[in-house]
Amino acid sequence: MTVRTGGAPTVVDLTDECAAFVREEADGLLHVFVPHATAGVAVIETGAGSDDDLLAQLDVLLPRDGRWRHRHGSPGHGRDHVLPAFVPPSTSIPVLGGRLQLGTWQRVCLVDTNTDNPERQVRLSFLAG
């Protein structure tokens with residue numbers, strides 16, 4: 001699927017799309033992958049400030065400044081290339097009877113801090129178990 005992230009760091013909730021993808025499946029694993037060097041996938045709570053807290057902490061941990069050796073793109077873009085070491089580009093979620101086995105507040109999210117690339121691809125695949 002294509003996800004439009006815009007020009008600002010963002011957390012995009014993909015849970016509904018993931019749930020729809022596995023709805024007709026039985027038991028197995030959903031694999032979520034973003035084929036980008038500057039984006040990741042996180043399973044976190046959203047809507048109660050955790051998504052904003054994540055982006056704020058990424059700014060502390062990976063500041064958008066001139067310290068990065070990777071220098072193409074907008075100023076500080078090198079930090080976007082380090083992001084996947086902290087927010088990996090994939091995750092797997094158990095599925096039972098066509099339902100994601102997430103905790104009460106867990107959501108599947110795309111994390112994108114790269115303001116130079118406003119459009120992302122997300123690949124979903126299912127491994128029957």
# chains A, B, ... in the order shown; residues from 1 in each chain; ligands from 1

call {"tool": "residues_around", "arguments": {"residues": "Gly76 (chain A)", "least_positions_apart": "2", "cutoff": "10 Å", "atoms": "only C-alpha atoms", "output": "ChimeraX atom specification"}}
result
/A:62-74,78-81,114

call {"tool": "select_by_dssp", "arguments": {"residues": "chain A", "states": "strand (DSSP E or B)", "output": "MDAnalysis selection string"}}
result
chainID A and resid 2:4 10:13 28:33 39:44 90:96 99:100 107:112 119:121 123:128

call {"tool": "residues_around", "arguments": {"residues": "Gln121 (chain A)", "least_positions_apart": "4", "cutoff": "12 Å", "atoms": "only C-alpha atoms", "output": "PyMOL selection string"}}
result
chain A and resi 1-5+14+32-41+89+110+112+117

call {"tool": "write_last_selection", "arguments": {"atoms": "C-alpha atoms", "output": "PDB file, in the first residue's frame"}}
result
ATOM      1  CA  MET A   1       0.000   0.000   0.000  1.00  0.00           C
ATOM      2  CA  THR A   2       1.063   3.590  -0.500  1.00  0.00           C
ATOM      3  CA  VAL A   3       1.010   5.900   2.526  1.00  0.00           C
ATOM      4  CA  ARG A   4       1.239   9.666   2.131  1.00  0.00           C
ATOM      5  CA  THR A   5       3.194  11.029   5.104  1.00  0.00           C
ATOM      6  CA  LEU A  14      -1.788   1.172   9.920  1.00  0.00           C
ATOM      7  CA  VAL A  32       4.696  -5.609   7.899  1.00  0.00           C
ATOM      8  CA  PHE A  33       7.686  -4.178   6.006  1.00  0.00           C
ATOM      9  CA  VAL A  34       8.631  -0.712   4.754  1.00  0.00           C
ATOM     10  CA  PRO A  35      11.233  -0.879   1.946  1.00  0.00           C
ATOM     11  CA  HIS A  36      12.834   2.440   2.850  1.00  0.00           C
ATOM     12  CA  ALA A  37      16.184   3.368   4.414  1.00  0.00           C
ATOM     13  CA  THR A  38      14.567   6.176   6.414  1.00  0.00           C
ATOM     14  CA  ALA A  39      11.350   4.765   7.913  1.00  0.00           C
ATOM     15  CA  GLY A  40      10.352   2.111  10.409  1.00  0.00           C
ATOM     16  CA  VAL A  41       7.464   0.150  11.866  1.00  0.00           C
ATOM     17  CA  PRO A  89      11.707  -1.449   9.064  1.00  0.00           C
ATOM     18  CA  LEU A 110       4.648   3.576  10.259  1.00  0.00           C
ATOM     19  CA  ASP A 112       8.622   8.418   9.227  1.00  0.00           C
ATOM     20  CA  ASN A 117      10.076  11.785   1.000  1.00  0.00           C
TER      21      ASN A 117
END

call {"tool": "atom_distance", "arguments": {"atom1": "CA of Arg23 (chain A)", "atom2": "CA of Val11 (chain A)"}}
result
23.7 Å

call {"tool": "residues_around", "arguments": {"residues": "Arg107 (chain A)", "least_positions_apart": "2", "cutoff": "6 Å", "atoms": "only C-alpha atoms", "output": "number ranges by chain"}}
result
A: 15, 43-45

call {"tool": "write_last_selection", "arguments": {"atoms": "N, CA and C atoms", "output": "PDB file, in the first residue's frame"}}
result
ATOM      1  N   THR A  15      -3.079   0.023  11.632  1.00  0.00           N
ATOM      2  CA  THR A  15      -3.747  -1.137  12.229  1.00  0.00           C
ATOM      3  C   THR A  15      -4.993  -1.565  11.472  1.00  0.00           C
ATOM      4  N   VAL A  43       5.130  -0.956  17.029  1.00  0.00           N
ATOM      5  CA  VAL A  43       3.875  -1.364  17.658  1.00  0.00           C
ATOM      6  C   VAL A  43       3.805  -0.583  18.964  1.00  0.00           C
ATOM      7  N   ILE A  44       2.942   0.440  18.974  1.00  0.00           N
ATOM      8  CA  ILE A  44       2.839   1.348  20.122  1.00  0.00           C
ATOM      9  C   ILE A  44       1.384   1.772  20.315  1.00  0.00           C
ATOM     10  N   GLU A  45       1.126   2.406  21.428  1.00  0.00           N
ATOM     11  CA  GLU A  45      -0.163   3.040  21.666  1.00  0.00           C
ATOM     12  C   GLU A  45      -0.187   4.367  20.917  1.00  0.00           C
TER      13      GLU A  45
END
